[in-house]
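Data file: coords.txt. Format and content: compact mmCIF, C-alpha atoms.
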# COMPACT_ATOMS: atom_id res chain seq x y z
CA MET A 590 0.00 0.00 0.00
CA LEU A 591 1.23 3.45 -0.88
CA ARG A 592 0.80 5.09 2.50
CA SER A 593 -0.60 4.35 5.94
CA LEU A 594 -4.21 5.32 5.45
CA LEU A 595 -4.81 5.57 9.16
CA ALA A 596 -2.26 8.38 9.42
CA ALA A 597 -3.04 10.21 6.19
CA ALA A 598 -4.56 13.66 6.34
CA SER A 599 -7.62 14.73 4.42
CA VAL A 600 -6.89 15.25 0.73
CA LEU A 601 -10.04 17.10 -0.23
CA CYS A 602 -7.95 20.12 -1.17
CA LEU A 603 -5.75 18.01 -3.47
CA ALA A 604 -8.77 16.59 -5.22
CA GLY A 605 -10.41 19.98 -5.57
CA GLY A 606 -13.27 19.27 -3.21
CA SER A 607 -15.95 21.81 -2.42
CA ALA A 608 -16.08 23.72 0.83
CA GLN A 609 -18.46 21.30 2.54
CA ALA A 610 -17.99 17.55 2.45
CA ALA A 611 -20.91 15.23 1.86
CA ARG A 612 -22.35 13.83 5.06
CA CYS A 613 -21.24 10.27 5.74
CA GLY A 614 -23.56 7.50 6.83
CA GLY A 615 -27.28 7.44 6.22
CA ASP A 616 -28.78 6.51 2.89
CA PHE A 617 -26.04 5.43 0.50
CA ASN A 618 -27.76 6.73 -2.64
CA THR A 619 -28.26 10.16 -1.04
CA PHE A 620 -24.59 10.23 -0.13
CA VAL A 621 -23.52 9.28 -3.67
CA ALA A 622 -25.75 11.99 -5.13
CA ALA A 623 -24.07 14.55 -2.88
CA MET A 624 -20.65 13.31 -3.99
CA ALA A 625 -21.70 13.67 -7.64
CA GLN A 626 -22.59 17.30 -6.95
CA GLU A 627 -19.23 17.87 -5.27
CA ALA A 628 -17.39 16.31 -8.19
CA GLN A 629 -19.19 18.47 -10.72
CA ALA A 630 -18.45 21.56 -8.62
CA ALA A 631 -14.79 20.51 -8.75
CA GLY A 632 -14.80 20.36 -12.55
CA VAL A 633 -15.78 16.77 -13.29
CA SER A 634 -18.32 16.57 -16.08
CA ALA A 635 -21.84 15.28 -15.54
CA SER A 636 -21.21 12.54 -18.09
CA VAL A 637 -18.25 11.22 -16.07
CA THR A 638 -20.07 11.38 -12.72
CA ASN A 639 -23.17 9.74 -14.20
CA SER A 640 -21.17 6.93 -15.79
CA ALA A 641 -19.05 6.36 -12.71
CA LEU A 642 -21.64 6.67 -9.96
CA SER A 643 -24.86 5.44 -11.54
CA GLY A 644 -25.96 2.26 -9.81
CA VAL A 645 -22.91 2.08 -7.52
CA ALA A 646 -23.54 0.08 -4.35
CA PRO A 647 -21.56 -0.40 -1.13
CA ASP A 648 -19.13 -3.31 -0.99
CA PRO A 649 -19.18 -5.19 2.34
CA ALA A 650 -15.92 -6.95 1.48
CA VAL A 651 -14.14 -3.60 1.33
CA LEU A 652 -15.33 -2.64 4.81
CA ALA A 653 -14.37 -6.05 6.18
CA PHE A 654 -10.86 -5.76 4.73
CA ASP A 655 -10.51 -2.19 6.00
CA ARG A 656 -11.18 -3.32 9.54
CA ARG A 657 -8.71 -6.21 9.30
CA GLN A 658 -5.73 -4.37 7.82
CA ARG A 659 -4.89 -2.11 10.74
CA TYR A 660 -2.10 -4.32 12.03
CA THR A 661 -0.42 -5.17 8.73
CA PHE A 662 3.01 -4.09 9.96
CA ASN A 663 3.12 -5.65 13.41
CA LYS A 664 5.92 -8.05 12.41
CA THR A 665 9.57 -7.43 13.12
CA PHE A 666 11.74 -6.33 10.22
CA GLU A 667 13.38 -9.76 10.10
CA GLN A 668 10.00 -11.51 9.98
CA TYR A 669 8.61 -9.16 7.36
CA VAL A 670 11.59 -9.00 5.01
CA SER A 671 11.92 -12.79 4.97
CA THR A 672 8.47 -13.02 3.39
CA ARG A 673 8.99 -10.23 0.84
CA VAL A 674 12.58 -10.34 -0.42
CA GLY A 675 13.84 -13.76 -1.49
CA PRO A 676 16.19 -15.01 -4.21
CA GLY A 677 13.45 -15.18 -6.83
CA ARG A 678 12.37 -11.59 -6.35
CA ILE A 679 15.98 -10.37 -6.24
CA ASN A 680 16.74 -12.16 -9.52
CA GLY A 681 13.57 -10.74 -11.02
CA GLY A 682 14.59 -7.26 -9.97
CA ARG A 683 18.05 -7.64 -11.51
CA ALA A 684 16.41 -8.75 -14.76
CA MET A 685 14.24 -5.59 -14.70
CA LEU A 686 17.32 -3.45 -14.10
CA GLN A 687 18.89 -4.87 -17.27
CA ARG A 688 15.74 -4.78 -19.38
CA HIS A 689 14.92 -1.17 -18.51
CA ALA A 690 18.44 0.19 -18.08
CA ALA A 691 18.06 3.05 -20.58
CA LEU A 692 14.70 4.11 -19.15
CA LEU A 693 16.01 4.00 -15.59
CA SER A 694 19.01 6.13 -16.60
CA ARG A 695 16.67 8.80 -17.99
CA ILE A 696 14.59 8.73 -14.81
CA GLU A 697 17.66 8.99 -12.59
CA GLN A 698 18.87 12.01 -14.57
CA LYS A 699 15.52 13.78 -14.38
CA PHE A 700 14.39 12.98 -10.84
CA GLY A 701 17.54 12.05 -8.92
CA VAL A 702 16.19 8.80 -7.47
CA PRO A 703 18.36 5.66 -7.80
CA ARG A 704 17.12 2.82 -9.97
CA TYR A 705 17.59 0.29 -7.18
CA ILE A 706 15.06 2.07 -4.95
CA LEU A 707 12.55 2.34 -7.80
CA VAL A 708 12.84 -1.30 -8.83
CA ALA A 709 12.65 -2.40 -5.18
CA ILE A 710 9.36 -0.54 -4.72
CA TRP A 711 8.06 -1.88 -8.02
CA GLY A 712 8.89 -5.42 -6.95
CA LEU A 713 7.38 -5.09 -3.48
CA GLU A 714 4.17 -3.49 -4.70
CA SER A 715 3.32 -5.70 -7.68
CA ASP A 716 6.17 -8.10 -8.44
CA PHE A 717 7.25 -5.78 -11.28
CA GLY A 718 3.73 -5.48 -12.65
CA LYS A 719 3.25 -9.23 -12.94
CA GLY A 720 1.52 -9.70 -9.59
CA ASP A 721 -1.80 -8.65 -8.16
CA ILE A 722 -2.51 -4.96 -8.73
CA GLY A 723 -6.11 -5.28 -7.64
CA LYS A 724 -9.38 -6.33 -9.20
CA MET A 725 -11.77 -3.99 -7.40
CA PRO A 726 -13.73 -1.20 -9.14
CA VAL A 727 -12.04 1.86 -7.63
CA VAL A 728 -15.15 4.05 -7.63
CA ARG A 729 -17.20 1.46 -5.75
CA THR A 730 -14.37 0.85 -3.28
CA LEU A 731 -13.87 4.53 -2.52
CA ALA A 732 -17.57 5.32 -2.38
CA THR A 733 -17.93 2.53 0.19
CA LEU A 734 -15.07 3.85 2.32
CA ALA A 735 -16.18 7.47 1.96
CA HIS A 736 -19.71 6.62 3.10
CA ASP A 737 -18.26 4.89 6.16
CA CYS A 738 -17.77 7.55 8.84
CA ARG A 739 -14.38 6.41 10.17
CA ARG A 740 -12.27 8.36 7.63
CA THR A 741 -14.83 9.96 5.40
CA ASP A 742 -12.85 13.13 4.57
CA LEU A 743 -9.86 11.10 3.40
CA PHE A 744 -11.88 8.82 1.16
CA GLN A 745 -14.21 11.51 -0.14
CA GLY A 746 -11.08 13.25 -1.37
CA GLU A 747 -9.79 10.04 -2.93
CA LEU A 748 -13.13 9.45 -4.66
CA LEU A 749 -13.05 12.94 -6.16
CA ALA A 750 -9.46 12.34 -7.31
CA ALA A 751 -10.45 9.02 -8.92
CA LEU A 752 -13.18 10.78 -10.90
CA LYS A 753 -10.61 13.37 -12.02
CA ILE A 754 -8.39 10.58 -13.36
CA VAL A 755 -11.25 9.61 -15.66
CA GLN A 756 -12.02 13.25 -16.45
CA ARG A 757 -8.40 13.87 -17.51
CA GLY A 758 -8.50 10.84 -19.80
CA ASP A 759 -5.67 9.04 -18.02
CA LEU A 760 -7.70 5.86 -17.58
CA PRO A 761 -11.15 4.95 -18.90
CA LEU A 762 -13.70 4.01 -16.28
CA ARG A 763 -13.52 0.33 -17.27
CA ASP A 764 -9.80 0.38 -16.44
CA LEU A 765 -10.16 2.15 -13.09
CA ILE A 766 -9.49 -1.04 -11.16
CA GLY A 767 -7.48 -1.27 -7.97
CA ALA A 768 -6.94 -2.74 -4.53
CA PHE A 769 -8.99 -2.73 -1.34
CA ALA A 770 -8.30 0.92 -0.45
CA GLY A 771 -8.51 2.23 -4.02
CA GLU A 772 -4.79 1.96 -4.83
CA ILE A 773 -4.14 1.93 -8.57
CA GLY A 774 -1.42 0.53 -10.78
CA GLN A 775 1.91 -1.23 -10.66
CA THR A 776 3.20 0.76 -7.69
CA GLN A 777 -0.22 1.20 -6.06
CA PHE A 778 -0.86 4.95 -6.06
CA LEU A 779 -3.84 6.33 -4.22
CA PRO A 780 -5.88 8.49 -6.64
CA SER A 781 -4.82 11.77 -5.00
CA SER A 782 -1.15 10.79 -5.46
CA TYR A 783 -1.93 9.73 -9.04
CA ILE A 784 -3.16 13.30 -9.66
CA LYS A 785 -0.36 15.00 -7.71
CA TYR A 786 2.69 12.98 -8.77
CA GLY A 787 1.71 11.18 -11.97
CA VAL A 788 4.07 11.73 -14.91
CA ASP A 789 3.44 11.06 -18.61
CA PHE A 790 6.94 9.72 -19.31
CA ASP A 791 6.14 7.81 -22.47
CA GLY A 792 4.76 10.95 -24.12
CA ASP A 793 1.36 9.60 -25.14
CA GLY A 794 -0.56 12.40 -23.44
CA HIS A 795 -1.87 10.26 -20.56
CA VAL A 796 -0.60 9.15 -17.17
CA ASP A 797 -1.18 5.40 -17.21
CA LEU A 798 0.02 3.74 -14.03
CA ARG A 799 -1.53 0.39 -14.89
CA HIS A 800 0.09 -0.37 -18.24
CA SER A 801 2.94 2.07 -18.97
CA ILE A 802 6.21 1.11 -17.30
CA PRO A 803 7.79 4.52 -18.10
CA ASP A 804 4.87 6.30 -16.44
CA VAL A 805 4.92 3.92 -13.46
CA LEU A 806 8.62 4.31 -12.69
CA ALA A 807 8.82 8.04 -13.44
CA SER A 808 5.78 8.78 -11.29
CA THR A 809 7.26 6.77 -8.43
CA ALA A 810 10.50 8.72 -8.79
CA ASN A 811 8.61 12.02 -8.93
CA LEU A 812 6.85 11.27 -5.64
CA LEU A 813 10.15 10.51 -3.89
CA HIS A 814 11.96 13.47 -5.50
CA THR A 815 9.18 15.87 -4.51
CA SER A 816 9.38 14.49 -0.97
CA GLY A 817 13.07 15.35 -0.76
CA PHE A 818 14.89 12.15 -1.77
CA LYS A 819 18.49 12.94 -2.79
CA MET A 820 20.59 10.90 -5.22
CA GLY A 821 23.89 9.62 -3.86
CA GLN A 822 22.88 9.96 -0.21
CA PRO A 823 22.30 7.05 2.20
CA TYR A 824 18.74 5.87 2.69
CA GLY A 825 19.00 3.79 5.85
CA GLU A 826 16.91 4.37 8.94
CA GLY A 827 17.53 7.80 10.48
CA THR A 828 18.65 9.47 7.24
CA PRO A 829 16.83 12.28 5.38
CA ASN A 830 16.18 9.90 2.49
CA PHE A 831 14.55 7.41 4.84
CA GLU A 832 12.30 10.21 6.03
CA ALA A 833 11.54 11.20 2.42
CA MET A 834 10.28 7.65 1.81
CA ARG A 835 7.71 8.25 4.55
CA GLU A 836 5.47 9.82 1.90
CA TRP A 837 5.53 6.43 0.21
CA ASN A 838 4.78 4.41 3.33
CA ARG A 839 4.82 5.52 6.94
CA ALA A 840 5.67 2.06 8.31
CA VAL A 841 9.33 1.89 9.35
CA VAL A 842 9.52 -1.84 8.64
CA TYR A 843 8.33 -1.30 5.06
CA ARG A 844 10.84 1.47 4.36
CA LYS A 845 13.63 -0.67 5.82
CA THR A 846 12.51 -3.45 3.48
CA ILE A 847 12.73 -1.09 0.49
CA GLY A 848 16.29 -0.22 1.47
CA TYR A 849 17.26 -3.85 2.08
CA PHE A 850 15.87 -4.89 -1.30
CA ALA A 851 17.62 -1.99 -3.05
CA ASP A 852 20.93 -3.00 -1.48
CA ARG A 853 20.49 -6.60 -2.67
CA LEU A 854 19.74 -5.36 -6.18
CA ALA A 855 22.90 -3.25 -6.07
CA GLY A 856 24.93 -6.29 -5.04
CA GLN A 857 25.56 -5.16 -1.49
Write-out of the structure in structure tokens:
Amino acid sequence: MLRSLLAAASVLCLAGGSAQAARCGGDFNTFVAAMAQEAQAAGVSASVTNSALSGVAPDPAVLAFDRRQRYTFNKTFEQYVSTRVGPGRINGGRAMLQRHAALLSRIEQKFGVPRYILVAIWGLESDFGKGDIGKMPVVRTLATLAHDCRRTDLFQGELLAALKIVQRGDLPLRDLIGAFAGEIGQTQFLPSSYIKYGVDFDGDGHVDLRHSIPDVLASTANLLHTSGFKMGQPYGEGTPNFEAMREWNRAVVYRKTIGYFADRLAGQ
């Protein structure tokens, strides 16, 4: 997951939300209608909101998963890394470094984030795009979480951002598929981060974090660069680069795993 959702602040301002959030709870259809009005006030067309929100229903599986995932990172670093970084994944990462060497050089030059960190994140999040990047309709997932009153501001903002992804033409609605908290693509960006950090690095006019490897890796680098990651500096625990990776994931054990994986890819 991109970031610790429990600790994330409201992103209504990032998604261009209106001054007053829709009221959570109550009748789901009434809530969705209010969200459609907010989206249109934020510049999303009626055709997009109608297509995306018409007939949407809450997903009980999403709420069940949301209540289970609070303690994802309660393992020690040694326990966690042993399940995530093995010989097969290291070899796969080294193959990706060779296959995409020219692309990674361009990204390093533009954003100042080392290829080993980027490929480590890519491997951990989706096994280099070959693993599970989610099968859930993002709009339904986020509408469900936004209607739930535990973190409604956060997920109302993410829902508005998801609609803006469709409005911008980055992904068609049929391709707006993600994980259990609405994360999208090969490095699992929340929609607000997709809007804020997404980069069209293949030059096709769209930011496609599901299918375009140049867009995926450049957008990941842009997030870290914008957060203060510096090329050539250490990234172990306690360093400024380790803190910069906090925008990616707030869990210390996960950031240590990124660094460990990067070191293995670099032959250390």
### Task
Counting only C-alpha atoms, figure out which residue out of A:Pro780, A:Ala625, A:Asp616, A:Ile706 gets nearest to A:Val755.
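Once distances to A:Val755 are computed over only C-alpha atoms, the minimum belongs to A:Pro780.
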### Task
Would you mind listing what lies within 7 Å of stretch 676-682 of chain A as JSON, numbers by chain, with only C-alpha atoms counted and same-chain residues fewer than 3 positions away left out?
{"A": [685, 686, 708, 712, 853, 854]}
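Using only C-alpha atoms, the nearest neighbour of A:Tyr786 within the list A:Thr741, A:Asn618, A:Thr809, A:Ser801 is A:Thr809.
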### Message
Just the number, please: distance in Å from atom CA of A:Cys738 to atom CA of A:Lys724, one decimal.
### Response
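According to the coordinates, atom CA of A:Cys738 and atom CA of A:Lys724 are separated by 24.3 Å.
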### Message
Taking all atoms listed in the file into account, name the residue in A:Gly758, A:Gly675, A:Gly774, A:Gly644 that is nearest to A:Val728.
### Response
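The shortest atom-to-atom distance to A:Val728 comes from A:Gly644.
Of the residues listed (A:Gln777, A:Gln698, A:Ser808, A:Ser782), A:Gln777 shows the shortest atom-to-atom separation from A:Gly718; distances use only C-alpha atoms.
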### Message
For a test of reading the model, state the distance in Å between atom CA of A:Val727 and atom CA of A:Phe617, rounded to one decimal.
### Response
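So the answer is 16.6 Å.
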### Task
Could you check how far atom CA of A:Thr638 sits from atom CA of A:Leu765, in Å to one decimal?
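We find that atom CA of A:Thr638 and atom CA of A:Leu765 lie 13.5 Å from each other.
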### Task
Between A:Val796, A:Pro829, A:Thr733, A:Ile802, single out the one closest to A:Phe654, counting all atoms listed in the file.
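Checking each of A:Val796, A:Pro829, A:Thr733, A:Ile802 against A:Phe654, counting all atoms listed in the file, the winner is A:Thr733.
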### Query
When distances are computed from only C-alpha atoms, which of A:Ala684, A:Ala623, A:Val637, A:Val702 shows the smallest separation from A:Gln745?
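Going through A:Ala684, A:Ala623, A:Val637, A:Val702 one by one, the smallest distance to A:Gln745 is for A:Ala623.
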Return as AutoDock Vina command-line options the centre and edge lengths, in Å with one decimal, of the box along x, y and z that encloses every atom of stretch 787-800 of chain A in the file, padded by 5 Å per side.
--center_x 2.5 --center_y 6.0 --center_z -18.6 --size_x 18.8 --size_y 22.8 --size_z 23.2
### Message
With only C-alpha atoms as the counted atoms, please give the residues lying no more than 9 Å from stretch 831-845 of chain A, apart from itself and same-chain residues fewer than 2 positions off, as a PyMOL selection string.
### Response
chain A and resi 590-593+596+662-667+669-670+809+812-819+823-829+847-850
